[in-house]
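Pasting start_22.txt here (compact mmCIF, C-alpha atoms):
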# COMPACT_ATOMS: atom_id res chain seq x y z
CA MET T 2 -14.08 -1.34 14.65
CA LYS T 3 -15.06 -3.23 17.76
CA ILE T 4 -14.34 -2.49 21.42
CA THR T 5 -14.41 -5.39 23.87
CA GLN T 6 -14.65 -4.57 27.56
CA GLN T 7 -13.54 -6.60 30.53
CA ALA T 8 -13.32 -5.54 34.17
CA GLN T 9 -10.90 -7.02 36.66
CA ASP T 10 -9.57 -5.75 40.00
CA GLY T 11 -10.97 -2.27 39.39
CA ILE T 12 -9.28 -2.01 36.02
CA ILE T 13 -11.27 -1.80 32.80
CA ASN T 14 -9.58 -3.52 29.88
CA LEU T 15 -10.76 -2.11 26.54
CA ALA T 16 -9.52 -3.96 23.47
CA ILE T 17 -9.99 -2.00 20.25
CA ALA T 18 -10.02 -4.15 17.12
CA GLY T 19 -10.18 -3.20 13.45
CA ARG T 20 -9.96 0.35 12.09
CA LEU T 21 -10.25 3.53 14.13
CA ASP T 22 -10.90 6.06 11.36
CA ALA T 23 -13.03 9.19 10.93
CA VAL T 24 -16.20 7.09 10.74
CA SER T 25 -15.64 4.66 13.62
CA ALA T 26 -14.13 7.40 15.83
CA ILE T 27 -17.67 8.70 16.47
CA GLU T 28 -18.76 5.31 17.82
CA ALA T 29 -15.54 4.84 19.82
CA ASP T 30 -15.95 8.28 21.37
CA LYS T 31 -19.42 7.32 22.65
CA GLU T 32 -18.23 3.98 24.04
CA PHE T 33 -15.34 5.55 25.93
CA ALA T 34 -17.63 8.29 27.26
CA LYS T 35 -19.98 5.60 28.65
CA VAL T 36 -17.11 3.80 30.37
CA MET T 37 -15.90 7.04 32.00
CA ASP T 38 -19.44 8.19 32.87
CA ALA T 39 -19.76 4.96 34.85
CA GLY T 40 -16.96 6.22 37.11
CA ASN T 41 -14.11 4.08 35.83
CA ASP T 42 -10.80 5.86 36.09
CA ARG T 43 -8.26 3.10 35.53
CA LEU T 44 -8.27 2.10 31.87
CA LEU T 45 -6.07 -0.38 30.06
CA ILE T 46 -6.45 0.06 26.32
CA GLU T 47 -5.23 -2.95 24.39
CA LEU T 48 -4.42 -2.39 20.71
CA SER T 49 -3.01 -5.69 19.42
CA GLN T 50 -5.98 -6.08 17.05
CA LEU T 51 -6.06 -2.43 15.97
CA GLU T 52 -4.97 -2.39 12.32
CA TYR T 53 -5.38 1.30 11.56
CA ILE T 54 -5.66 4.62 13.36
CA SER T 55 -5.90 8.11 11.84
CA SER T 56 -5.86 11.54 13.46
CA ALA T 57 -9.60 11.14 14.16
CA GLY T 58 -8.79 8.04 16.22
CA LEU T 59 -5.95 9.81 18.03
CA ARG T 60 -8.40 12.56 18.93
CA VAL T 61 -10.67 10.01 20.67
CA LEU T 62 -7.76 8.74 22.78
CA LEU T 63 -6.67 12.27 23.62
CA VAL T 64 -10.15 13.10 24.91
CA VAL T 65 -10.00 9.97 27.10
CA ALA T 66 -6.54 10.91 28.43
CA LYS T 67 -7.61 14.46 29.28
CA ARG T 68 -10.73 13.33 31.11
CA ILE T 69 -8.97 10.56 33.05
CA GLN T 70 -6.21 12.97 34.05
CA GLN T 71 -8.78 15.47 35.35
CA LYS T 72 -10.29 12.71 37.49
CA GLY T 73 -6.88 11.77 38.85
CA GLY T 74 -7.07 8.34 37.21
CA LYS T 75 -4.73 6.43 34.97
CA VAL T 76 -4.92 5.28 31.36
CA VAL T 77 -2.33 3.15 29.61
CA LEU T 78 -2.00 1.65 26.15
CA CYS T 79 -0.39 -1.62 25.18
CA ALA T 80 0.47 -4.05 22.38
CA LEU T 81 0.61 -1.63 19.43
CA VAL T 82 1.26 -3.17 15.99
CA PRO T 83 4.15 -1.58 14.00
CA ASN T 84 2.06 0.66 11.69
CA VAL T 85 0.02 1.99 14.60
CA LYS T 86 3.18 2.47 16.66
CA GLU T 87 4.65 4.61 13.87
CA VAL T 88 1.58 6.89 13.94
CA PHE T 89 1.95 7.26 17.71
CA GLU T 90 5.60 8.15 17.36
CA ILE T 91 5.14 10.70 14.56
CA SER T 92 2.23 12.35 16.35
CA GLY T 93 4.14 12.60 19.61
CA PHE T 94 1.46 10.49 21.33
CA SER T 95 4.17 8.05 22.41
CA SER T 96 5.33 10.65 24.90
CA ILE T 97 1.93 11.70 26.24
CA PHE T 98 0.70 8.14 26.85
CA LYS T 99 2.22 5.40 28.94
CA ILE T 100 2.68 2.59 26.43
CA PHE T 101 3.61 -1.00 27.28
CA ASP T 102 4.53 -3.94 25.06
CA THR T 103 2.26 -6.39 26.85
CA VAL T 104 -1.09 -6.41 28.68
CA GLU T 105 0.67 -7.89 31.72
CA ASP T 106 3.15 -5.00 32.02
CA ALA T 107 0.34 -2.49 31.56
CA ALA T 108 -1.74 -4.16 34.29
CA VAL T 109 1.19 -4.15 36.72
CA PHE T 110 1.63 -0.41 36.20
CA LEU T 111 -2.10 0.30 36.71
CA LYS T 112 -2.20 -1.72 39.94
CA GLY T 113 0.85 0.09 41.32
CA MET Q 22 2.48 1.49 -16.34
CA GLY Q 23 0.88 -0.55 -13.59
CA LYS Q 24 -2.75 -0.97 -12.61
CA SER Q 25 -4.73 2.15 -11.91
CA LEU Q 26 -8.00 3.23 -10.35
CA SER Q 27 -9.98 6.46 -10.84
CA LEU Q 28 -12.79 7.44 -8.50
CA LYS Q 29 -14.94 10.52 -8.05
CA ILE Q 30 -17.01 11.52 -5.03
CA GLY Q 31 -18.95 14.53 -3.83
CA ASN Q 32 -17.80 16.65 -0.87
CA ASP Q 33 -19.49 14.30 1.58
CA LEU Q 34 -17.85 12.40 4.44
CA ASN Q 35 -20.04 9.33 3.88
CA GLU Q 36 -18.95 9.14 0.25
CA LEU Q 37 -15.35 9.54 1.41
CA ALA Q 38 -15.75 6.54 3.71
CA VAL Q 39 -16.96 4.43 0.77
CA LEU Q 40 -14.05 5.64 -1.38
CA CYS Q 41 -11.54 4.79 1.39
CA ARG Q 42 -12.87 1.23 1.51
CA GLU Q 43 -12.71 0.88 -2.29
CA VAL Q 44 -9.11 2.09 -2.42
CA HIS Q 45 -8.11 -0.19 0.47
CA ASN Q 46 -9.71 -3.23 -1.18
CA PHE Q 47 -8.12 -2.39 -4.54
CA LEU Q 48 -4.63 -2.24 -3.01
CA GLU Q 49 -5.18 -5.45 -1.04
CA ASP Q 50 -6.47 -7.24 -4.13
CA GLU Q 51 -3.30 -6.15 -5.95
CA LYS Q 52 -1.22 -7.68 -3.11
CA VAL Q 53 0.35 -4.40 -2.04
CA PRO Q 54 2.04 -4.93 1.38
CA ALA Q 55 0.30 -3.65 4.51
CA ALA Q 56 2.71 -0.76 5.29
CA PRO Q 57 2.26 1.12 1.99
CA VAL Q 58 -1.49 0.40 2.05
CA TYR Q 59 -1.65 2.06 5.50
CA LYS Q 60 0.14 5.16 4.18
CA ILE Q 61 -2.20 5.52 1.21
CA ASP Q 62 -5.30 4.94 3.37
CA LEU Q 63 -4.10 7.57 5.81
CA SER Q 64 -3.19 10.14 3.12
CA ILE Q 65 -6.63 9.91 1.53
CA GLU Q 66 -8.55 10.01 4.82
CA GLU Q 67 -6.58 12.93 6.27
CA MET Q 68 -6.30 15.08 3.15
CA LEU Q 69 -9.85 14.65 1.92
CA THR Q 70 -11.47 14.97 5.37
CA ASN Q 71 -9.79 18.39 5.55
CA VAL Q 72 -11.00 19.31 2.06
CA ILE Q 73 -14.60 18.30 2.81
CA LYS Q 74 -14.67 20.04 6.20
CA TYR Q 75 -12.81 23.25 5.42
CA SER Q 76 -12.42 23.93 1.70
CA TYR Q 77 -15.87 25.10 0.68
CA ASP Q 78 -17.93 28.07 1.79
CA ASP Q 79 -21.12 27.26 -0.09
CA ASN Q 80 -23.52 24.34 0.28
CA ASP Q 81 -23.19 23.21 -3.32
CA ARG Q 82 -22.05 19.80 -4.34
CA HIS Q 83 -18.40 19.72 -5.41
CA GLU Q 84 -16.52 16.96 -7.11
CA ILE Q 85 -13.38 15.43 -5.64
CA SER Q 86 -11.38 13.02 -7.76
CA VAL Q 87 -8.82 10.41 -6.78
CA TYR Q 88 -6.40 8.66 -9.09
CA LEU Q 89 -4.27 5.76 -7.94
CA GLN Q 90 -1.57 3.96 -9.86
CA ILE Q 91 0.45 0.95 -8.75
CA ASP Q 92 3.93 0.94 -10.29
CA PRO Q 93 6.45 -1.84 -9.64
CA ASP Q 94 8.27 0.16 -6.95
CA ARG Q 95 5.74 2.69 -5.72
CA ILE Q 96 2.11 3.80 -5.50
CA LEU Q 97 1.14 7.15 -6.94
CA LEU Q 98 -1.91 8.92 -5.52
CA GLU Q 99 -3.40 12.12 -6.94
CA MET Q 100 -6.25 13.98 -5.27
CA ARG Q 101 -8.05 16.91 -6.92
CA ASP Q 102 -10.65 19.30 -5.54
CA ASP Q 103 -12.05 22.71 -6.51
CA GLY Q 104 -12.06 24.15 -2.98
CA HIS Q 105 -10.14 27.14 -1.66
CA GLU Q 106 -6.50 27.25 -2.57
CA PHE Q 107 -4.80 25.22 0.16
CA ASN Q 108 -1.23 23.99 0.10
CA PRO Q 109 -0.79 21.27 2.75
CA LEU Q 110 2.99 21.61 2.43
CA GLU Q 111 2.76 25.14 3.81
CA ALA Q 112 0.34 24.34 6.64
CA PRO Q 113 1.87 25.03 10.07
CA LEU Q 114 3.11 22.00 11.97
CA SER Q 115 0.74 20.89 14.68
CA ASP Q 116 1.52 21.38 18.33
CA LEU Q 117 3.43 18.35 19.56
CA SER Q 118 3.39 19.31 23.23
CA ASP Q 119 3.99 16.50 25.73
CA GLU Q 120 1.42 17.95 28.09
CA ILE Q 121 -1.93 16.19 27.75
CA GLU Q 122 -3.71 19.29 29.04
CA LEU Q 123 -2.29 21.53 26.32
CA ARG Q 124 -2.43 19.09 23.49
CA ARG Q 125 -4.67 19.72 20.47
CA VAL Q 126 -5.09 17.51 17.42
CA GLY Q 127 -5.66 20.22 14.79
CA GLY Q 128 -3.22 19.87 11.90
CA MET Q 129 -2.21 16.40 13.03
CA GLY Q 130 -3.58 14.67 9.92
CA ILE Q 131 -1.44 16.78 7.60
CA HIS Q 132 1.61 16.27 9.80
CA LEU Q 133 1.11 12.48 9.81
CA THR Q 134 0.65 12.37 6.04
CA ARG Q 135 3.67 14.56 5.27
CA THR Q 136 5.88 12.48 7.54
CA MET Q 137 4.73 9.01 6.53
CA VAL Q 138 4.72 9.27 2.73
CA ASP Q 139 7.90 9.17 0.62
CA ALA Q 140 7.03 12.23 -1.49
CA ILE Q 141 4.23 14.78 -1.53
CA SER Q 142 3.67 17.70 -3.87
CA TYR Q 143 1.05 20.39 -4.37
CA LEU Q 144 -0.09 22.20 -7.47
CA ARG Q 145 -2.74 24.90 -7.91
CA ASP Q 146 -4.03 24.66 -11.46
CA GLY Q 147 -6.73 27.23 -12.26
CA ASN Q 148 -9.39 26.62 -9.60
CA THR Q 149 -8.14 23.12 -8.76
CA ASN Q 150 -5.96 21.91 -5.90
CA MET Q 151 -3.90 18.86 -6.77
CA VAL Q 152 -2.02 16.93 -4.11
CA ALA Q 153 0.20 14.11 -5.35
CA VAL Q 154 1.60 11.52 -2.98
CA SER Q 155 4.11 8.79 -3.66
CA VAL Q 156 4.61 5.79 -1.39
CA ASN Q 157 7.38 3.27 -2.00
CA ILE Q 158 6.66 -0.45 -2.12
CA ASN Q 159 9.63 -2.34 -0.76

Since I need it in another form, could you write the structure as structure tokens?
Amino acid sequence: MKITQQAQDGIINLAIAGRLDAVSAIEADKEFAKVMDAGNDRLLIELSQLEYISSAGLRVLLVVAKRIQQKGGKVVLCALVPNVKEVFEISGFSSIFKIFDTVEDAAVFLKG
Amino acid sequence: MGKSLSLKIGNDLNELAVLCREVHNFLEDEKVPAAPVYKIDLSIEEMLTNVIKYSYDDNDRHEISVYLQIDPDRILLEMRDDGHEFNPLEAPLSDLSDEIELRRVGGMGIHLTRTMVDAISYLRDGNTNMVAVSVNIN
């Protein structure tokens, strides 16, 4: 699992690549905490290179969503591959996150 | 009968991570398509993480065994442990609230597994839990 960060126009783009499982979730949790500790409250999480997510990975994203909501910020997800999308649908995460097909659409929403 | 793989680990999350990688590589080497591989990976991670975290109330080492068989049309997965009797088919469904504030993730792994696989069964045999999962290859 690898998270690549990029900041533009006050939005932090975090691209998660690889496998977000019980092992890598611990690392991901720390990285997201650092990003939020730095005061960022508009996050665009890009998942086109995310091959696998389990409930441990969902938990990491839920923690991010709760914290960003408390700060009055916004977090969106985009570019889910079919297997990952299925997990989001079954878990009901599709309805608690704003999810876009493309990075561009996600960025437009965050800027609005 | 197709190719099969038998593995044993202790009740240790690090050993589980190694087992997950071995199973994943085995299925990829056998050219199983990505969708069924995902479902098997998820079933093992979710079910056995629960076993290791919640099924034992001593600090002894316990053995967990995994058997995998690739048939022409499906993958069969059997997981055995000697923890508390626990039937994942009877576990309550997790809370699927739309409200981020209220949302918890407990029970989500079992819910995902039950929904994504094509068949799942549970058997308590003496002091052993056996969960069998079947995933179609199409």

Need the shell around segment 64-72 of chain T: protein/DNA/RNA residues with any atom at most 9 Å away, counting only C-alpha atoms. Skip same-chain ones fewer than 4 positions apart. Format as a PyMOL selection string? (chain T and resi 30+33-34+37+41-44+59-60+76-77+97-98) or (chain Q and resi 121-122)

Determine which residues of chain Q sit within 12 Å of chain T, taking into account all atoms listed in the file, and present them as a ChimeraX atom specification. /Q:34-39,41-42,45,54-71,74,114-138

Long-range neighbours of Asn157 of chain Q as JSON, numbers by chain, 8 Å cut-off, all atoms listed in the file, 4 positions minimum in chain: {"Q": [57, 94, 95, 96, 139]}

Neighbour list for Gln50 of chain T as a PDB file with C-alpha atoms, in the frame of the given file, cut-off 7 Å, all atoms listed in the file, skip fewer than 2 positions in-chain:
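Result written to result.pdb:
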ATOM      1  CA  ILE T  17      -9.990  -2.000  20.250  1.00  0.00           C
ATOM      2  CA  ALA T  18     -10.020  -4.150  17.120  1.00  0.00           C
ATOM      3  CA  GLY T  19     -10.180  -3.200  13.450  1.00  0.00           C
ATOM      4  CA  LEU T  48      -4.420  -2.390  20.710  1.00  0.00           C
ATOM      5  CA  GLU T  52      -4.970  -2.390  12.320  1.00  0.00           C
TER       6      GLU T  52
END

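Atom CA of Asn32 of chain Q to atom CA of Ile141 of chain Q spans 22.1 Å [interatomic distance, one decimal].
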
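Counting all atoms listed in the file, the residue from Q:Val156, Q:Ile73, Q:Leu110, Q:Ala140 that sits nearest to Gln90 of chain Q is Q:Val156.
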
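A straight line drawn from atom CA of Gln9 of chain T to atom CA of Ala29 of chain T is 21.1 Å long.
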
Which centre and edge lengths in Å to one decimal define the box along x, y and z that fits every listed atom of segment 67-74 of chain T plus 5 Å per side, as JSON?
{"center_x": -8.5, "center_y": 11.9, "center_z": 34.1, "size_x": 14.5, "size_y": 17.1, "size_z": 19.6}

Within 8 Å of Val152 of chain Q, counting all atoms listed in the file, which residues qualify if same-chain residues fewer than 3 places away don't, as a PyMOL selection string? chain Q and resi 99-101+141-144

Go ahead and save the residues from that selection, with C-alpha atoms, as a PDB file, in the frame of the given file.
ATOM      1  CA  GLU Q  99      -3.400  12.120  -6.940  1.00  0.00           C
ATOM      2  CA  MET Q 100      -6.250  13.980  -5.270  1.00  0.00           C
ATOM      3  CA  ARG Q 101      -8.050  16.910  -6.920  1.00  0.00           C
ATOM      4  CA  ILE Q 141       4.230  14.780  -1.530  1.00  0.00           C
ATOM      5  CA  SER Q 142       3.670  17.700  -3.870  1.00  0.00           C
ATOM      6  CA  TYR Q 143       1.050  20.390  -4.370  1.00  0.00           C
ATOM      7  CA  LEU Q 144      -0.090  22.200  -7.470  1.00  0.00           C
TER       8      LEU Q 144
END

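Take atom CA of Tyr77 of chain Q and atom CA of Arg20 of chain T: the distance between them is 27.9 Å.
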
Excluding Leu28 of chain Q and its own-chain neighbours fewer than 2 positions away, which residues fall within 9 Å of it when counting all atoms listed in the file? Please give them as a PyMOL selection string. chain Q and resi 26+30+40+44+85-89

Export, as a CSV table (one decimal), keeping the file's coordinate frame, the selected residues with C-alpha atoms.
chain,number,residue,atom,x,y,z
Q,26,LEU,CA,-8.0,3.2,-10.4
Q,30,ILE,CA,-17.0,11.5,-5.0
Q,40,LEU,CA,-14.0,5.6,-1.4
Q,44,VAL,CA,-9.1,2.1,-2.4
Q,85,ILE,CA,-13.4,15.4,-5.6
Q,86,SER,CA,-11.4,13.0,-7.8
Q,87,VAL,CA,-8.8,10.4,-6.8
Q,88,TYR,CA,-6.4,8.7,-9.1
Q,89,LEU,CA,-4.3,5.8,-7.9

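Proximity ranking of Q:Leu97, Q:Glu43, Q:Pro113, Q:Asp102 relative to Thr149 of chain Q places Q:Asp102 first, based on all atoms listed in the file.
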
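Considering all atoms listed in the file, the residue among Q:Pro93, Q:Phe47, Q:Pro109, Q:Asp81 positioned nearest to Ala153 of chain Q is Q:Pro109.
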
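Residue nearest Leu78 of chain T within the list T:Ala26, T:Ala16, T:Asp10, T:Gly40: T:Ala16 [criterion: smallest interatomic distance, only C-alpha atoms].
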